[in-house]
$ cat input.txt   # compact mmCIF, C-alpha atoms
# COMPACT_ATOMS: atom_id res chain seq x y z
CA MET A 1 -78.07 3.44 19.01
CA THR A 2 -80.59 2.70 16.33
CA SER A 3 -80.32 4.30 12.93
CA LYS A 4 -83.60 6.10 13.50
CA ARG A 5 -82.32 7.65 16.74
CA PHE A 6 -79.04 8.59 15.08
CA LEU A 7 -80.88 10.37 12.30
CA ALA A 8 -83.02 12.19 14.85
CA TYR A 9 -79.95 13.39 16.79
CA PHE A 10 -78.23 14.33 13.55
CA ALA A 11 -81.23 16.38 12.44
CA MET A 12 -81.41 18.07 15.83
CA GLY A 13 -77.72 18.91 15.61
CA LEU A 14 -78.10 20.40 12.16
CA ALA A 15 -81.08 22.44 13.33
CA ALA A 16 -79.11 23.73 16.31
CA VAL A 17 -76.14 24.70 14.13
CA ALA A 18 -78.45 26.40 11.62
CA THR A 19 -80.23 28.29 14.40
CA VAL A 20 -76.96 29.52 15.90
CA THR A 21 -75.56 30.45 12.48
CA ILE A 22 -78.67 32.36 11.41
CA SER A 23 -78.94 34.12 14.78
CA PHE A 24 -75.28 35.18 14.61
CA ASN A 25 -75.65 36.51 11.08
CA LEU A 26 -78.83 38.36 12.00
CA TYR A 27 -76.97 39.98 14.88
CA MET A 28 -73.91 40.89 12.80
CA ASP A 29 -75.96 42.03 9.78
CA ILE A 30 -72.87 43.28 7.96
CA PHE A 31 -74.90 44.29 4.89
CA GLY A 32 -77.55 46.25 6.80
CA LEU A 33 -80.46 44.04 5.75
CA PHE A 34 -82.30 42.75 8.78
CA ARG A 35 -82.59 45.76 11.05
CA SER A 36 -82.54 49.50 10.55
CA ALA A 37 -79.44 50.60 8.67
CA ARG A 38 -79.99 54.28 9.40
CA SER A 39 -76.85 56.07 10.64
CA ARG A 40 -74.81 52.88 10.39
CA THR A 41 -71.39 52.90 8.72
CA ILE A 42 -71.13 49.91 6.40
CA SER A 43 -68.34 49.35 3.92
CA VAL A 44 -67.99 46.93 1.03
CA TYR A 45 -66.68 43.56 2.16
CA GLY A 46 -66.08 40.59 -0.08
CA GLU A 47 -67.42 40.58 -3.62
CA GLU A 48 -68.37 44.11 -4.71
CA ARG A 49 -71.40 43.03 -6.73
CA ILE A 50 -72.91 41.16 -3.80
CA ALA A 51 -72.16 43.88 -1.25
CA LYS A 52 -73.54 46.78 -3.28
CA TYR A 53 -76.55 44.76 -4.37
CA LEU A 54 -77.37 43.96 -0.73
CA HIS A 55 -76.66 47.57 0.29
CA SER A 56 -79.34 48.65 -2.19
CA PHE A 57 -82.12 47.05 -0.10
CA ARG A 58 -81.75 49.23 3.02
CA TYR A 59 -78.33 50.78 3.59
CA ILE A 60 -78.42 53.07 0.55
CA PRO A 61 -82.06 54.24 0.71
CA GLU A 62 -81.95 54.74 4.49
CA ASN A 63 -78.70 56.74 4.54
CA PHE A 64 -78.28 58.49 1.19
CA ASP A 65 -80.33 60.94 -0.85
CA GLY A 66 -78.53 60.22 -4.11
CA VAL A 67 -76.76 57.48 -6.03
CA LEU A 68 -74.06 57.22 -8.68
CA LEU A 69 -74.53 54.38 -11.18
CA GLY A 70 -71.80 53.27 -13.55
CA SER A 71 -68.97 50.89 -14.32
CA SER A 72 -65.33 50.78 -13.20
CA VAL A 73 -64.76 54.16 -14.87
CA SER A 74 -66.70 55.87 -12.05
CA ASP A 75 -65.97 53.37 -9.26
CA ASN A 76 -63.29 55.60 -7.72
CA LEU A 77 -65.24 58.87 -7.73
CA ASP A 78 -65.30 59.98 -4.10
CA THR A 79 -68.90 61.10 -3.78
CA ARG A 80 -68.22 62.66 -0.38
CA ILE A 81 -66.88 65.61 -2.39
CA LEU A 82 -70.39 66.36 -3.70
CA SER A 83 -71.42 68.80 -0.98
CA GLY A 84 -75.11 69.29 -0.32
CA TYR A 85 -75.88 65.63 -1.03
CA ARG A 86 -75.12 62.22 0.39
CA ILE A 87 -74.36 60.18 -2.72
CA TYR A 88 -73.62 56.46 -2.62
CA ASN A 89 -71.26 55.27 -5.33
CA ALA A 90 -73.00 52.14 -6.63
CA SER A 91 -70.67 51.76 -9.63
CA ILE A 92 -69.61 48.19 -10.36
CA ASP A 93 -66.16 47.19 -11.55
CA GLY A 94 -66.66 45.63 -14.99
CA GLY A 95 -70.36 46.42 -14.76
CA ASN A 96 -72.86 46.76 -17.56
CA VAL A 97 -76.55 47.67 -17.69
CA LEU A 98 -77.59 44.33 -16.21
CA ASP A 99 -75.66 45.23 -13.06
CA LEU A 100 -77.29 48.64 -12.77
CA LYS A 101 -80.92 47.51 -13.08
CA PRO A 102 -81.29 45.52 -9.83
CA LEU A 103 -79.53 48.24 -7.84
CA GLU A 104 -81.87 50.89 -9.19
CA GLU A 105 -84.97 48.77 -8.70
CA ASN A 106 -84.17 48.07 -5.04
CA ILE A 107 -83.31 51.68 -4.19
CA TYR A 108 -86.32 53.32 -5.87
CA HIS A 109 -88.64 50.68 -4.48
CA LYS A 110 -87.71 52.06 -1.05
CA ARG A 111 -87.60 55.80 -1.75
CA ASP A 112 -87.19 58.58 -4.30
CA LEU A 113 -83.87 60.43 -4.40
CA ARG A 114 -82.79 64.04 -4.67
CA LEU A 115 -80.10 63.24 -7.25
CA THR A 116 -79.23 60.32 -9.52
CA ILE A 117 -75.98 60.42 -11.48
CA ILE A 118 -75.35 57.96 -14.31
CA CYS A 119 -71.86 57.61 -15.77
CA ILE A 120 -72.21 56.66 -19.43
CA HIS A 121 -69.34 54.64 -20.85
CA ARG A 122 -69.30 52.24 -23.78
CA TYR A 123 -68.79 49.33 -21.35
CA LEU A 124 -72.38 49.71 -20.20
CA THR A 125 -73.92 49.06 -23.60
CA ASN A 126 -71.27 46.99 -25.36
CA ASP A 127 -73.07 43.73 -24.64
CA HIS A 128 -76.03 42.29 -22.80
CA ASN A 129 -74.25 39.44 -21.05
CA LYS A 130 -74.99 38.66 -17.43
CA ARG A 131 -71.67 38.77 -15.59
CA THR A 132 -72.66 36.67 -12.57
CA ASP A 133 -75.69 35.52 -10.60
CA PHE A 134 -74.48 37.52 -7.61
CA MET A 135 -77.15 40.20 -8.02
CA THR A 136 -80.29 38.12 -7.59
CA PRO A 137 -82.83 37.84 -4.73
CA LYS A 138 -81.27 34.58 -3.50
CA GLN A 139 -78.30 36.63 -2.27
CA TYR A 140 -80.63 38.33 0.23
CA TRP A 141 -81.17 35.08 2.09
CA GLY A 142 -77.56 34.13 1.43
CA ALA A 143 -76.72 36.89 3.91
CA LEU A 144 -77.92 34.46 6.60
CA GLY A 145 -75.35 31.87 5.58
CA SER A 146 -73.40 31.26 2.38
CA PRO A 147 -69.81 30.93 1.10
CA GLN A 148 -70.00 34.54 -0.11
CA LEU A 149 -70.97 35.68 3.39
CA LEU A 150 -67.98 33.84 4.84
CA THR A 151 -65.77 35.63 2.31
CA ALA A 152 -67.22 38.96 3.48
CA TYR A 153 -66.49 38.11 7.13
CA VAL A 154 -62.90 37.16 6.31
CA SER A 155 -62.51 40.37 4.30
CA ARG A 156 -63.82 42.52 7.16
CA MET A 157 -61.66 40.77 9.76
CA ALA A 158 -58.53 41.18 7.65
CA ILE A 159 -59.24 44.89 7.19
CA GLN A 160 -60.03 45.48 10.87
CA ARG A 161 -56.81 43.74 11.93
CA GLY A 162 -54.74 45.76 9.49
CA LEU A 163 -53.72 42.73 7.47
CA VAL A 164 -54.97 44.27 4.25
CA ARG A 165 -56.02 47.75 3.19
CA GLY A 166 -59.73 48.45 2.93
CA LEU A 167 -60.56 49.09 -0.72
CA TYR A 168 -63.87 50.91 -0.18
CA ASN A 169 -65.27 53.58 2.08
CA ASP A 170 -68.78 53.61 3.52
CA PHE A 171 -69.98 55.68 0.52
CA GLY A 172 -69.12 52.78 -1.80
CA THR A 173 -66.10 54.49 -3.41
CA LEU A 174 -63.17 52.34 -4.51
CA ASN A 175 -59.85 53.56 -3.16
CA ILE A 176 -57.23 52.75 -5.78
CA GLY A 177 -54.41 54.02 -3.56
CA ASN A 178 -51.56 56.15 -4.79
CA ASP A 179 -51.68 57.51 -8.31
CA THR A 180 -49.38 56.08 -10.94
CA ASP A 181 -46.84 58.55 -12.27
CA SER A 182 -47.54 60.46 -15.46
CA ASN A 183 -44.94 58.51 -17.44
CA SER A 184 -46.61 55.18 -16.63
CA ALA A 185 -49.99 56.63 -17.57
CA ARG A 186 -48.54 57.99 -20.82
CA GLU A 187 -47.16 54.56 -21.75
CA ARG A 188 -50.49 52.85 -21.07
CA ILE A 189 -52.39 55.49 -23.02
CA GLN A 190 -50.03 55.12 -25.96
CA GLN A 191 -50.53 51.36 -25.83
CA THR A 192 -54.30 51.87 -25.91
CA VAL A 193 -53.93 54.09 -28.99
CA ALA A 194 -51.81 51.40 -30.67
CA ASP A 195 -54.40 48.72 -29.83
CA ILE A 196 -57.20 50.83 -31.32
CA ARG A 197 -55.23 51.39 -34.51
CA ARG A 198 -54.62 47.64 -34.76
CA GLY A 199 -58.35 47.07 -34.44
CA THR A 200 -58.21 45.15 -31.15
CA ALA A 201 -61.84 44.18 -30.57
CA ALA A 202 -62.05 44.95 -26.84
CA ILE A 203 -60.37 48.36 -27.11
CA GLY A 204 -62.18 51.42 -28.40
CA ASN A 205 -65.23 49.40 -29.40
CA TYR A 206 -68.32 51.62 -29.47
CA TYR A 207 -70.71 48.91 -30.62
CA VAL A 208 -74.13 49.35 -28.99
CA ASP A 209 -76.04 46.18 -28.17
CA PRO A 210 -79.76 46.85 -28.90
CA ALA A 211 -80.97 45.02 -25.79
CA ALA A 212 -78.44 46.85 -23.62
CA LEU A 213 -79.53 50.19 -25.09
CA ALA A 214 -83.18 49.38 -24.32
CA ASP A 215 -82.27 48.50 -20.75
CA LEU A 216 -80.28 51.71 -20.39
CA GLY A 217 -83.32 53.61 -21.61
CA ASP A 218 -85.39 51.94 -18.90
CA ILE A 219 -82.79 52.84 -16.27
CA VAL A 220 -82.71 56.48 -17.37
CA ASP A 221 -86.52 56.72 -17.45
CA THR A 222 -86.85 55.16 -14.00
CA ALA A 223 -84.19 57.44 -12.56
CA ARG A 224 -85.92 60.46 -14.03
CA ARG A 225 -89.25 59.51 -12.46
CA HIS A 226 -87.77 58.87 -9.04
CA SER A 227 -85.22 61.70 -8.75
CA GLU A 228 -85.53 65.43 -8.27
CA LYS A 229 -82.49 65.82 -10.53
CA LEU A 230 -81.01 63.44 -13.08
CA MET A 231 -77.41 63.97 -14.17
CA ILE A 232 -75.87 61.99 -17.02
CA PHE A 233 -72.18 62.39 -17.76
CA TYR A 234 -69.65 61.06 -20.22
CA PRO A 235 -66.31 60.53 -18.43
CA PRO A 236 -63.16 62.06 -19.90
CA THR A 237 -61.10 60.05 -22.38
CA PRO A 238 -57.35 60.79 -22.64
CA ALA A 239 -56.74 63.17 -25.53
CA PRO A 240 -54.64 60.74 -27.65
CA VAL A 241 -57.28 58.01 -27.28
CA LEU A 242 -60.13 60.36 -28.13
CA SER A 243 -58.26 61.63 -31.18
CA VAL A 244 -58.33 58.17 -32.80
CA SER A 245 -61.92 57.40 -31.82
CA SER A 246 -63.64 60.81 -31.88
CA ALA A 247 -65.99 59.92 -34.73
CA ASP A 248 -67.08 56.70 -33.01
CA PHE A 249 -67.57 58.52 -29.72
CA ALA A 250 -69.63 61.26 -31.42
CA ARG A 251 -71.97 58.65 -32.90
CA TYR A 252 -72.19 56.89 -29.54
CA ARG A 253 -73.01 60.14 -27.75
CA GLU A 254 -75.71 60.91 -30.30
CA THR A 255 -77.26 57.48 -29.70
CA ILE A 256 -77.25 57.86 -25.93
CA ASN A 257 -78.41 61.48 -26.00
CA ALA A 258 -81.57 60.27 -27.73
CA LEU A 259 -82.52 58.75 -24.36
CA THR A 260 -82.36 62.10 -22.58
CA GLN A 261 -85.07 64.72 -22.20
CA PRO A 262 -85.12 68.47 -21.60
CA GLY A 263 -84.49 68.92 -17.92
CA ASP A 264 -81.82 66.24 -17.67
CA ILE A 265 -78.38 67.56 -16.75
CA VAL A 266 -75.94 66.25 -19.37
CA VAL A 267 -72.19 66.74 -18.97
CA ASP A 268 -69.65 65.69 -21.58
CA PHE A 269 -66.06 65.70 -20.34
CA ASN A 270 -64.95 65.01 -23.91
CA SER A 271 -66.15 68.41 -25.10
CA PRO A 272 -63.65 71.17 -26.01
CA ALA A 273 -64.22 72.82 -22.63
CA TYR A 274 -62.28 70.01 -20.91
CA GLU A 275 -59.41 69.67 -23.39
CA ASP A 276 -56.80 70.78 -20.84
CA PHE A 277 -57.98 68.08 -18.46
CA ARG A 278 -57.75 65.35 -21.10
CA THR A 279 -54.22 66.32 -22.15
CA ASP A 280 -52.89 66.03 -18.59
CA TYR A 281 -51.64 62.45 -18.18
CA ALA A 282 -51.67 62.84 -14.40
CA ASN A 283 -55.47 62.67 -14.55
CA PHE A 284 -55.40 59.06 -15.77
CA VAL A 285 -53.92 55.69 -14.86
CA ASP A 286 -54.46 54.17 -18.31
CA GLY A 287 -56.41 54.72 -21.51
CA VAL A 288 -59.76 54.51 -19.70
CA HIS A 289 -59.59 54.98 -15.95
CA LEU A 290 -59.03 58.12 -13.91
CA SER A 291 -56.33 58.63 -11.33
CA LYS A 292 -57.33 59.87 -7.90
CA GLN A 293 -56.39 63.39 -8.98
CA GLY A 294 -58.54 63.08 -12.09
CA ALA A 295 -61.43 61.42 -10.25
CA ASP A 296 -61.51 64.13 -7.59
CA ALA A 297 -61.46 66.85 -10.25
CA VAL A 298 -64.35 65.23 -12.14
CA THR A 299 -66.38 64.80 -8.94
CA SER A 300 -65.77 68.41 -7.93
CA GLU A 301 -66.89 69.59 -11.36
CA LEU A 302 -70.06 67.50 -11.22
CA GLY A 303 -70.79 69.03 -7.82
CA ARG A 304 -70.21 72.53 -9.15
CA ILE A 305 -72.54 71.98 -12.10
CA VAL A 306 -75.37 70.40 -10.13
CA ARG A 307 -75.33 73.37 -7.72
CA GLN A 308 -75.58 75.96 -10.48
CA PRO A 309 -78.48 78.41 -10.11
CA GLY A 310 -81.28 77.67 -12.51
CA LEU A 311 -80.98 73.90 -12.36
CA GLU A 312 -83.74 73.65 -9.78
CA GLY A 313 -86.16 73.47 -12.71
CA ARG A 314 -84.13 70.67 -14.32
CA GLN A 315 -82.68 72.89 -17.01
CA ARG A 316 -80.56 70.88 -19.42
CA LEU A 317 -76.86 71.57 -20.01
CA HIS A 318 -75.97 70.59 -23.55
CA PRO A 319 -72.78 68.52 -23.65
CA TRP A 320 -71.08 70.61 -26.29
CA THR A 321 -71.42 73.82 -24.27
CA THR A 322 -70.75 72.55 -20.78
CA PRO A 323 -68.85 75.27 -18.88
CA ARG A 324 -65.65 74.60 -17.01

$ encode --input "input.txt" --output "structure tokens"
Amino acid sequence: MTSKRFLAYFAMGLAAVATVTISFNLYMDIFGLFRSARSRTISVYGEERIAKYLHSFRYIPENFDGVLLGSSVSDNLDTRILSGYRIYNASIDGGNVLDLKPLEENIYHKRDLRLTIICIHRYLTNDHNKRTDFMTPKQYWGALGSPQLLTAYVSRMAIQRGLVRGLYNDFGTLNIGNDTDSNSARERIQQTVADIRRGTAAIGNYYVDPAALADLGDIVDTARRHSEKLMIFYPPTPAPVLSVSSADFARYRETINALTQPGDIVVDFNSPAYEDFRTDYANFVDGVHLSKQGADAVTSELGRIVRQPGLEGRQRLHPWTTPR
């Protein structure tokens, strides 16, 4: 066989493999990209950033009338509790504003929503560093064949065969499993307080990166234009942690509130109205994150507030007078 013929056969073989691979991935379409995603049930498989980014092209806008944007602090809020809406939890573990922007752009490019909820935590605006390149347009075509796609297939197969527990539901919510006991939460919260008092840079840092703040302003403005209702909420901080950082949090809240407008629904779970919640260690797993009990209570409260009479006209709830 001549080298020219070998190369021809080799090229034909590669083309055949590529055709089969692409056809298979088009058929499987585990991210809901290449055919209608309406009424399909699609969970998060593989890397969360990739999955939720790809869900934002079709799966979210074709199946949900609302979205929750945030970081790991809101990743375990079960949005199925929010009756009257179908809300996809697009929160990203370790996410900042650069993770929220492409999600929002894809969703609103497809449709306007009835409700957008944005969880505001200092993680979002602490820096302006790009975490990965997983949330870029090249990932769209990577869904036809890439190492990340293979990881997603392996993840789905392991979950379907019961080898591992599925971490997400089809609403994008992270299932953290059983709650830690109150004593463990207390110890972690006390450690967080000690770290703040020692001045540990990554703990209790309310520094606002100017570029991140500008991006957050763009996100809020875009959400307001493309949503019937915009809800912004500050998640609860355990009482001991808030007590040593209350002044910093107050300044941070003032900075972020400058991005809001009359008509936005603003809820502050660090206001006096929620003091009982913040003093109950069972509502937390550490100095930042909510337990399942705490997450469900927060989600229920958000649902109660958004359904209040009089909010149809986008009447603002001031964070320091939010009712329980």

$ closest_atom_pairs --input "input.txt" --of "stretch 81-117 of chain A" --to "stretch 203-223 of chain A" --cutoff "7 Å" --atoms "only C-alpha atoms" --output "Markdown table"
| residue | atom | partner | partner_atom | distance |
| --- | --- | --- | --- | --- |
| A:Val97 | CA | A:Leu216 | CA | 6.1 |
| A:Lys101 | CA | A:Ile219 | CA | 6.5 |
| A:Thr116 | CA | A:Ala223 | CA | 6.5 |

$ residues_around --input "input.txt" --residues "A:Tyr153" --least-positions-apart "4" --cutoff "9 Å" --atoms "only C-alpha atoms" --output "ChimeraX atom specification"
/A:30,45-46,148-149,157-158

$ residues_around --input "input.txt" --residues "stretch 274-285 of chain A" --least-positions-apart "4" --cutoff "7 Å" --atoms "only C-alpha atoms" --output "NGL selection string"
:A and (180-182 or 185-186 or 236-239 or 269-270 or 289-291 or 293-294 or 324)

$ closest_residue --input "input.txt" --among "A:Val244, A:Leu82, A:Leu230, A:Ile118" --to "A:Thr192" --atoms "all atoms listed in the file"
A:Val244

$ residues_near_point --input "input.txt" --point "(-52.6, 51.8, -25.3)" --cutoff "12 Å" --atoms "all atoms listed in the file" --output "list of chain:residue names"
A:Ser184, A:Ala185, A:Arg186, A:Glu187, A:Arg188, A:Ile189, A:Gln190, A:Gln191, A:Thr192, A:Val193, A:Ala194, A:Asp195, A:Ile196, A:Arg197, A:Arg198, A:Gly199, A:Thr200, A:Ala202, A:Ile203, A:Gly204, A:Pro238, A:Pro240, A:Val241, A:Leu242, A:Val244, A:Val285, A:Asp286, A:Gly287, A:Val288

$ closest_residue --input "input.txt" --among "A:Glu301, A:Asp170, A:Asp75, A:Asp133" --to "A:Ser39" --atoms "only C-alpha atoms"
A:Asp170

$ atom_distance --input "input.txt" --atom1 "atom CA of A:Ala273" --atom2 "atom CA of A:Tyr123"
24.0 Å

$ closest_residue --input "input.txt" --among "A:Arg35, A:Arg156, A:Arg224, A:Arg307" --to "A:Ile117" --atoms "only C-alpha atoms"
A:Arg224

$ closest_residue --input "input.txt" --among "A:Thr173, A:Ser271, A:Ser245, A:Thr41" --to "A:Leu77" --atoms "all atoms listed in the file"
A:Thr173

$ residues_around --input "input.txt" --residues "A:Ser300" --least-positions-apart "3" --cutoff "9 Å" --atoms "only C-alpha atoms" --output "list in words"
Thr79, Ile81, Leu82, Ser83, Ala295, Asp296, Ala297, Gly303, Arg304 and Ile305 of chain A

$ axis_aligned_box --input "input.txt" --around "stretch 58-69 of chain A" --padding-each-side "8 Å" --output "AutoDock Vina command-line options"
--center_x -78.1 --center_y 55.1 --center_z -3.3 --size_x 24.0 --size_y 27.7 --size_z 31.7
